[in-house]
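Asker: Got a structure for you, written out below as structure tokens; questions coming shortly.
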Amino acid sequence: MEMIMDWSPTLVTFAPLIGVFLILCLPRKKQGWHRLTGILATLPSLALSVLMYAAFDTGQNGMQWLKSYVWFQVPFPQANPWVFHYSMGADGLSVPLVLLTSIVSTLAAVASLYIKKRTKEYYLLLLLLQTGMLGVFLAHDFFLFFIFFEITLVTTFFLIGIWGYLGKEKAANHFLLYNGLGSGFMLFALVGFLLLFGSLEYSAIEKGMSEIIAQADLLNDQFKVMLWLIFICLIIAFGIKLPMFPFHPWMLRVHTEAPTPVVMIHSGILLKMGAYGLIRFGVGFYPAYMKEAATVLAILGLINILYGAILAFVEKELKKVLAYSSVSHMGIILLGVAALNGTGLQGAIFQAISHGLISALLFFLVGSLYERTKTTQLDELSGLAKSMPLFSGIMMVAALALLGLPGLSGFISEFMAFLGLFKVKPVIAAIGTPGLILAAVYTLRAVLKTSFGPIRERFVQLSDIHIKESVPMMIFVGLIVLIGVYPDVLGNPMQQTLQLIVSRIGG
């Protein structure tokens, strides 16, 4: 068991590749086998993620289960070589996100029951995507992080472009264009760190940046410009991924045109890679620069919240309501990050986890609804509680979590993010609070239009969700309630890591 735990970050990350190999060996026409193998192949990572979460030492600072080996070097005459490491580990920031990734990936694989064409290729890409996402959160080297990040980009592009709805090609192209641009900015930052430090291990970059900040007054102007350019590239790269206004249009197309399981993963996990990057690389590597940029980030977060909430309120299509809602809720993460204190950062991570669960559940519900009604236009939906009571009940719980009802995960996340910002920027925090009221308005409007009122004749005989759908949905509901009533189950593992990050900020 000790050896398994020592190598748990690597095992968790690459376990889905066993399923990739098995599916490659299966006949193309055996769709049932593809589906079963694809679902089962997500379970080893899920089991190991739960084991890591349970075994995580909440009193220890820094990375745990860290394994670091020199991968390869690029030598230079009369200069130190560039050293690239295979370095994997976990801390209080990554462990909750790894568990979220494993849970959503497994439930998304179960939710893939409506995928009927090219199932072999579909599950191959889904498992490769899971490997990429887990690697992003467990890598301890920026080059390794970049490789895993690009794996998620390529696999998601094909999953949208092949299995999406009517506008799938445009959605996939927009996704690739914006995220490819973000990868370009990230690559610039990567090269900048190599030029500065000769290594991309997180610990080497953190140490190097601390030494640079300590002697900031002695730096020449060109060096300062280079540091700022790297910082801005990181903010833009992860701002696109989050997404941050004005880099959000690509996400709206993906949320409306991608197949249901891919939207679950996209809204539940892939967007949260942006939040992870802002905290890990922005706050972690550039604490002094983040203090200077905090007001700008807070204002952008404010725009996200209000802009997304207003458009969600006037939107008449259910998927777009949820898409604009995601824009709004990502603004709460930005506010938590901009607070640059323990409360705000913890609220940002809570919001990332909570929204990951809630949005995945909501898009699962909308996907199940579309399979039955062939529409998600609010004006065409009415009275579904009469024919689909279980669906409507679960949707109501998910909606209440989204609007921040106490006792559900959405409340504690929003409360902590705003509380952290009120401590340092009370005016911006106060301006953002109407967004929370609008969230209640657009969420309840969507639920009332969908579930209540007179039922249309063509929806009278609709079948309610069946057990293959209801079981994963109830798992989501259970986790949302658990975090809402016992936040420490999520908060305890991240305390030491956040204290270490805040100590670098000086807060």
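Labels used: A, B, ... for chains in the order of the structure tokens, numbers from 1 for residues in each chain, and numbers from 1 for ligands as shown.
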Which neighbours of stretch 39-43 of chain A fall inside 9 Å, counting only C-alpha atoms, when residues of the same chain fewer than 4 positions from it are skipped, and could you give them as a ChimeraX atom specification?
Answerer: /A:15-20,34-35,47-48,102-103,105-110,123,127,130
Asker: Compile the contact shell of A:Ser210 as a VMD selection string: residues with an atom at most 12 Å away, counting only C-alpha atoms, same-chain residues fewer than 5 positions apart removed.
Answerer: chain A and resid 197 203 to 205 215 to 216 284 to 289 503 to 505
Asker: Restricted to N, CA, C and O atoms, what would the selected residues look like written as a PDB file, in the first residue's frame?
Answerer:
ATOM      1  N   PHE A 197      15.289  30.633 -15.303  1.00  0.00           N
ATOM      2  CA  PHE A 197      15.672  29.684 -14.263  1.00  0.00           C
ATOM      3  C   PHE A 197      16.287  28.386 -14.779  1.00  0.00           C
ATOM      4  O   PHE A 197      16.856  27.627 -13.998  1.00  0.00           O
ATOM      5  N   SER A 203       8.838  24.205  -7.750  1.00  0.00           N
ATOM      6  CA  SER A 203       9.664  24.638  -6.616  1.00  0.00           C
ATOM      7  C   SER A 203      10.818  25.518  -7.076  1.00  0.00           C
ATOM      8  O   SER A 203      11.165  26.498  -6.405  1.00  0.00           O
ATOM      9  N   ALA A 204      11.416  25.203  -8.236  1.00  0.00           N
ATOM     10  CA  ALA A 204      12.519  26.012  -8.761  1.00  0.00           C
ATOM     11  C   ALA A 204      12.027  27.397  -9.172  1.00  0.00           C
ATOM     12  O   ALA A 204      12.702  28.408  -8.921  1.00  0.00           O
ATOM     13  N   ILE A 205      10.849  27.458  -9.795  1.00  0.00           N
ATOM     14  CA  ILE A 205      10.302  28.750 -10.215  1.00  0.00           C
ATOM     15  C   ILE A 205       9.924  29.588  -8.992  1.00  0.00           C
ATOM     16  O   ILE A 205      10.209  30.793  -8.935  1.00  0.00           O
ATOM     17  N   GLN A 215      15.109  41.271  -4.500  1.00  0.00           N
ATOM     18  CA  GLN A 215      16.043  42.287  -4.991  1.00  0.00           C
ATOM     19  C   GLN A 215      15.441  43.081  -6.152  1.00  0.00           C
ATOM     20  O   GLN A 215      16.126  43.432  -7.103  1.00  0.00           O
ATOM     21  N   ALA A 216      14.127  43.349  -6.061  1.00  0.00           N
ATOM     22  CA  ALA A 216      13.416  44.016  -7.150  1.00  0.00           C
ATOM     23  C   ALA A 216      13.994  45.391  -7.470  1.00  0.00           C
ATOM     24  O   ALA A 216      14.017  45.821  -8.630  1.00  0.00           O
ATOM     25  N   GLY A 284       0.740  31.947  -6.859  1.00  0.00           N
ATOM     26  CA  GLY A 284       1.867  31.178  -6.336  1.00  0.00           C
ATOM     27  C   GLY A 284       3.219  31.679  -6.798  1.00  0.00           C
ATOM     28  O   GLY A 284       4.165  31.759  -6.004  1.00  0.00           O
ATOM     29  N   PHE A 285       3.340  32.044  -8.075  1.00  0.00           N
ATOM     30  CA  PHE A 285       4.626  32.492  -8.619  1.00  0.00           C
ATOM     31  C   PHE A 285       4.802  34.004  -8.530  1.00  0.00           C
ATOM     32  O   PHE A 285       5.918  34.491  -8.412  1.00  0.00           O
ATOM     33  N   TYR A 286       3.710  34.755  -8.630  1.00  0.00           N
ATOM     34  CA  TYR A 286       3.773  36.210  -8.755  1.00  0.00           C
ATOM     35  C   TYR A 286       2.942  36.903  -7.675  1.00  0.00           C
ATOM     36  O   TYR A 286       2.074  37.722  -7.989  1.00  0.00           O
ATOM     37  N   PRO A 287       3.182  36.628  -6.398  1.00  0.00           N
ATOM     38  CA  PRO A 287       2.327  37.241  -5.369  1.00  0.00           C
ATOM     39  C   PRO A 287       2.367  38.762  -5.370  1.00  0.00           C
ATOM     40  O   PRO A 287       1.335  39.418  -5.210  1.00  0.00           O
ATOM     41  N   ALA A 288       3.556  39.345  -5.556  1.00  0.00           N
ATOM     42  CA  ALA A 288       3.668  40.806  -5.546  1.00  0.00           C
ATOM     43  C   ALA A 288       2.952  41.422  -6.747  1.00  0.00           C
ATOM     44  O   ALA A 288       2.289  42.460  -6.627  1.00  0.00           O
ATOM     45  N   TYR A 289       3.066  40.779  -7.896  1.00  0.00           N
ATOM     46  CA  TYR A 289       2.418  41.302  -9.098  1.00  0.00           C
ATOM     47  C   TYR A 289       0.901  41.144  -8.999  1.00  0.00           C
ATOM     48  O   TYR A 289       0.151  42.003  -9.485  1.00  0.00           O
ATOM     49  N   SER A 503       1.110  33.411   2.917  1.00  0.00           N
ATOM     50  CA  SER A 503       2.337  33.905   3.545  1.00  0.00           C
ATOM     51  C   SER A 503       3.278  34.526   2.517  1.00  0.00           C
ATOM     52  O   SER A 503       4.011  35.477   2.815  1.00  0.00           O
ATOM     53  N   ARG A 504       3.249  34.011   1.277  1.00  0.00           N
ATOM     54  CA  ARG A 504       4.073  34.615   0.237  1.00  0.00           C
ATOM     55  C   ARG A 504       3.508  35.977  -0.184  1.00  0.00           C
ATOM     56  O   ARG A 504       4.251  36.880  -0.551  1.00  0.00           O
ATOM     57  N   ILE A 505       2.163  36.095  -0.147  1.00  0.00           N
ATOM     58  CA  ILE A 505       1.552  37.372  -0.494  1.00  0.00           C
ATOM     59  C   ILE A 505       1.867  38.415   0.561  1.00  0.00           C
ATOM     60  O   ILE A 505       2.014  39.592   0.277  1.00  0.00           O
TER      61      ILE A 505
END
Asker: Separation of atom CA of A:Leu297 and atom CA of A:Leu334, in Å?
Answerer: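 About the pair atom CA of A:Leu297 and atom CA of A:Leu334: they are 6.4 Å apart.
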Asker: With a distance cut-off of 8 Å and only C-alpha atoms, select the neighbouring residues of A:Thr256, excluding the residue or stretch itself and same-chain residues fewer than 6 positions from it, and output the selection as a PyMOL selection string.
Answerer: chain A and resi 319-320+323
Asker: Since we have the selection now, will you write its residues out, keeping C-alpha atoms, as an mmCIF file, in the first residue's frame?
Answerer:
data_model
loop_
_atom_site.group_PDB
_atom_site.id
_atom_site.type_symbol
_atom_site.label_atom_id
_atom_site.label_comp_id
_atom_site.auth_asym_id
_atom_site.auth_seq_id
_atom_site.Cartn_x
_atom_site.Cartn_y
_atom_site.Cartn_z
ATOM 1 C CA LYS A 319 -28.559 25.698 -22.318
ATOM 2 C CA LYS A 320 -27.688 29.349 -22.880
ATOM 3 C CA ALA A 323 -23.864 28.980 -20.138
#
Asker: Just to confirm, what's the straight-line distance from atom CA of A:Asp379 to atom CA of A:Ser392 in Å (one decimal)?
Answerer: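 Distance between the two atoms: 16.8 Å.
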Asker: So, with only C-alpha atoms as the atoms that count, which of A:Ser368, A:Leu362, A:Pro249, A:Lys272 lies closest to A:Ile333?
Answerer: A:Lys272
Asker: Leaving out A:His355 and any residue of its chain fewer than 5 positions from it, which residues lie within 8 Å of it when counting only C-alpha atoms, given as a ChimeraX atom specification?
Answerer: /A:268,329,402,410
Asker: So how many Å separate atom CA of A:Thr376 and atom CA of A:Phe363, to one decimal?
Answerer: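 Computing it gives 11.3 Å between the two atoms.
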Asker: Compile the contact shell of A:Ile230 as JSON, numbers by chain: residues with an atom at most 9 Å away, counting only C-alpha atoms, same-chain residues fewer than 5 positions apart removed.
Answerer: {"A": [185, 186, 188, 189, 190, 192, 193, 225, 235]}
Asker: Restricting it to N, CA, C and O atoms, dump the selection as an mmCIF file, in the first residue's frame.
Answerer:
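This went into part-v7.cif:
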data_model
loop_
_atom_site.group_PDB
_atom_site.id
_atom_site.type_symbol
_atom_site.label_atom_id
_atom_site.label_comp_id
_atom_site.auth_asym_id
_atom_site.auth_seq_id
_atom_site.Cartn_x
_atom_site.Cartn_y
_atom_site.Cartn_z
ATOM 1 N N PHE A 185 0.048 32.003 -25.428
ATOM 2 C CA PHE A 185 0.505 32.865 -24.337
ATOM 3 C C PHE A 185 1.199 32.042 -23.246
ATOM 4 O O PHE A 185 2.203 32.469 -22.673
ATOM 5 N N MET A 186 0.643 30.855 -22.961
ATOM 6 C CA MET A 186 1.255 29.995 -21.952
ATOM 7 C C MET A 186 2.644 29.540 -22.385
ATOM 8 O O MET A 186 3.578 29.470 -21.573
ATOM 9 N N PHE A 188 4.703 31.170 -24.299
ATOM 10 C CA PHE A 188 5.602 32.310 -24.119
ATOM 11 C C PHE A 188 6.076 32.379 -22.667
ATOM 12 O O PHE A 188 7.267 32.598 -22.389
ATOM 13 N N ALA A 189 5.150 32.196 -21.716
ATOM 14 C CA ALA A 189 5.520 32.211 -20.299
ATOM 15 C C ALA A 189 6.471 31.065 -19.980
ATOM 16 O O ALA A 189 7.434 31.232 -19.212
ATOM 17 N N LEU A 190 6.207 29.909 -20.570
ATOM 18 C CA LEU A 190 7.064 28.741 -20.348
ATOM 19 C C LEU A 190 8.497 29.022 -20.792
ATOM 20 O O LEU A 190 9.458 28.753 -20.039
ATOM 21 N N GLY A 192 9.853 31.934 -21.143
ATOM 22 C CA GLY A 192 10.395 32.956 -20.257
ATOM 23 C C GLY A 192 10.942 32.374 -18.975
ATOM 24 O O GLY A 192 12.041 32.747 -18.520
ATOM 25 N N PHE A 193 10.222 31.441 -18.364
ATOM 26 C CA PHE A 193 10.711 30.789 -17.147
ATOM 27 C C PHE A 193 11.984 29.982 -17.421
ATOM 28 O O PHE A 193 12.899 29.946 -16.582
ATOM 29 N N VAL A 225 10.323 44.399 -17.411
ATOM 30 C CA VAL A 225 9.359 44.265 -18.505
ATOM 31 C C VAL A 225 9.137 42.794 -18.839
ATOM 32 O O VAL A 225 8.003 42.348 -19.056
ATOM 33 N N ILE A 235 -1.881 35.378 -17.035
ATOM 34 C CA ILE A 235 -3.235 35.844 -16.718
ATOM 35 C C ILE A 235 -4.146 35.685 -17.935
ATOM 36 O O ILE A 235 -5.293 35.233 -17.818
#
Asker: How would you write, as number ranges by chain, the set of residues in stretch 242-311 of chain A that DSSP gives as alpha helix (DSSP H)?
Answerer: A: 249-257, 260-265, 271-277, 284-285, 287-311
Asker: Which is closest to A:Phe391 among A:Asp488, A:Glu201, A:Asp464, A:Glu371, if we use only C-alpha atoms?
Answerer: A:Asp464
Asker: What's the 12 Å shell around A:Gly393, counting only C-alpha atoms, without same-chain residues fewer than 2 positions away, as a PyMOL selection string?
Answerer: chain A and resi 365+384-391+395-400+447-448+450-452+464-465+470+473-474+477
Asker: Print the selection's residues with N, CA, C and O atoms to a file, as a compact mmCIF listing (two decimals), in the first residue's frame.
Answerer:
# COMPACT_ATOMS: atom_id res chain seq x y z
N LEU A 365 -28.99 16.99 -16.56
CA LEU A 365 -30.45 17.10 -16.57
C LEU A 365 -30.96 17.65 -17.90
O LEU A 365 -31.92 17.13 -18.48
N LEU A 384 -43.58 20.13 -16.74
CA LEU A 384 -42.93 18.82 -16.80
C LEU A 384 -42.95 18.08 -15.46
O LEU A 384 -42.71 16.88 -15.42
N ALA A 385 -43.23 18.80 -14.37
CA ALA A 385 -43.33 18.12 -13.07
C ALA A 385 -44.46 17.09 -13.05
O ALA A 385 -44.42 16.14 -12.27
N LYS A 386 -45.44 17.26 -13.93
CA LYS A 386 -46.55 16.31 -13.96
C LYS A 386 -46.15 14.99 -14.60
O LYS A 386 -46.57 13.92 -14.13
N SER A 387 -45.36 15.03 -15.64
CA SER A 387 -44.96 13.79 -16.31
C SER A 387 -43.57 13.31 -15.88
O SER A 387 -43.26 12.13 -16.02
N MET A 388 -42.74 14.22 -15.35
CA MET A 388 -41.37 13.87 -14.94
C MET A 388 -41.10 14.40 -13.53
O MET A 388 -40.27 15.30 -13.34
N PRO A 389 -41.76 13.87 -12.51
CA PRO A 389 -41.60 14.42 -11.15
C PRO A 389 -40.19 14.25 -10.58
O PRO A 389 -39.68 15.16 -9.91
N LEU A 390 -39.54 13.10 -10.84
CA LEU A 390 -38.20 12.90 -10.30
C LEU A 390 -37.21 13.86 -10.95
O LEU A 390 -36.37 14.47 -10.28
N PHE A 391 -37.31 13.99 -12.27
CA PHE A 391 -36.47 14.96 -12.98
C PHE A 391 -36.65 16.36 -12.41
O PHE A 391 -35.68 17.07 -12.13
N MET A 395 -33.91 18.71 -10.51
CA MET A 395 -33.60 20.00 -11.10
C MET A 395 -33.81 21.14 -10.11
O MET A 395 -33.04 22.10 -10.07
N MET A 396 -34.82 21.03 -9.30
CA MET A 396 -35.07 22.06 -8.29
C MET A 396 -33.92 22.12 -7.29
O MET A 396 -33.45 23.20 -6.92
N VAL A 397 -33.44 20.96 -6.84
CA VAL A 397 -32.31 20.94 -5.90
C VAL A 397 -31.07 21.56 -6.54
O VAL A 397 -30.37 22.38 -5.91
N ALA A 398 -30.79 21.20 -7.78
CA ALA A 398 -29.62 21.75 -8.48
C ALA A 398 -29.75 23.26 -8.65
O ALA A 398 -28.78 24.00 -8.48
N ALA A 399 -30.96 23.73 -8.97
CA ALA A 399 -31.19 25.16 -9.14
C ALA A 399 -31.01 25.91 -7.82
O ALA A 399 -30.41 26.99 -7.78
N LEU A 400 -31.51 25.34 -6.73
CA LEU A 400 -31.34 25.98 -5.42
C LEU A 400 -29.87 26.03 -5.03
O LEU A 400 -29.42 27.00 -4.39
N VAL A 447 -36.54 27.27 -13.82
CA VAL A 447 -37.17 26.10 -13.20
C VAL A 447 -38.69 26.21 -13.28
O VAL A 447 -39.39 25.23 -13.60
N LEU A 448 -39.22 27.39 -12.99
CA LEU A 448 -40.67 27.57 -13.02
C LEU A 448 -41.23 27.38 -14.42
O LEU A 448 -42.28 26.75 -14.61
N THR A 450 -39.96 25.56 -16.74
CA THR A 450 -39.76 24.18 -17.18
C THR A 450 -40.69 23.20 -16.45
O THR A 450 -41.32 22.35 -17.08
N SER A 451 -40.79 23.34 -15.15
CA SER A 451 -41.45 22.31 -14.35
C SER A 451 -42.92 22.59 -14.04
O SER A 451 -43.70 21.65 -13.84
N PHE A 452 -43.29 23.85 -14.00
CA PHE A 452 -44.64 24.19 -13.54
C PHE A 452 -45.45 24.83 -14.66
O PHE A 452 -44.96 25.09 -15.74
N ASP A 464 -40.18 9.54 -17.25
CA ASP A 464 -39.29 10.16 -16.27
C ASP A 464 -37.89 9.57 -16.42
O ASP A 464 -37.68 8.58 -17.13
N ILE A 465 -36.90 10.21 -15.79
CA ILE A 465 -35.52 9.69 -15.88
C ILE A 465 -35.48 8.28 -15.30
O ILE A 465 -36.13 7.98 -14.30
N SER A 470 -30.78 8.47 -13.00
CA SER A 470 -31.08 8.96 -11.66
C SER A 470 -29.97 8.66 -10.65
O SER A 470 -29.69 9.48 -9.77
N MET A 473 -27.14 11.14 -11.01
CA MET A 473 -27.67 12.45 -10.60
C MET A 473 -27.77 12.54 -9.08
O MET A 473 -27.44 13.59 -8.48
N MET A 474 -28.20 11.47 -8.43
CA MET A 474 -28.32 11.48 -6.97
C MET A 474 -26.94 11.52 -6.30
O MET A 474 -26.81 12.06 -5.20
N VAL A 477 -26.15 15.12 -6.27
CA VAL A 477 -26.95 15.78 -5.23
C VAL A 477 -26.36 15.51 -3.85
O VAL A 477 -26.24 16.42 -3.02
Asker: Nearest to A:Leu271: which of A:Pro77, A:Gly239, A:Gly164, A:Gly38 is it, counting only C-alpha atoms?
Answerer: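 Looking only at the distances to A:Leu271, the closest residue turns out to be A:Gly239.
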Asker: Which residue is closest to A:Leu345? Choose from A:Ala417, A:Leu300, A:Leu153, A:Val191 and count only C-alpha atoms.
Answerer: A:Ala417
Asker: Within 7 Å of A:Leu129, counting only C-alpha atoms, which residues qualify if same-chain residues fewer than 3 places away don't, as a PyMOL selection string?
Answerer: chain A and resi 125-126+132-133+151-152+155
Asker: Give the answer as one residue: which of A:Ile236, A:His140, A:Tyr165, A:Phe158 has the shortest atom-to-atom distance to A:Asn179, using only C-alpha atoms?
Answerer: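 Counting only C-alpha atoms, the residue closest to A:Asn179 is A:Ile236.
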Asker: Rank nothing, just name the residue among A:Leu36, A:Leu97, A:Leu357, A:Ala172 nearest to A:Leu479, using only C-alpha atoms.
Answerer: A:Leu357
Asker: Going by DSSP on the backbone, which residues of stretch 52-150 of chain A come out as strand (DSSP E)? List them as a list in words.
Answerer: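 These are the residues in question: Gln64, Trp65, Leu66, Lys67, Ser68, Tyr69, Val70, Trp71, Phe72, Gln73, Val74, Pro75, Phe76, Ala79, Asn80, Pro81, Trp82, Val83, Phe84, His85, Tyr86, Ser87, Met88, Gly89 and Ala90 of chain A.
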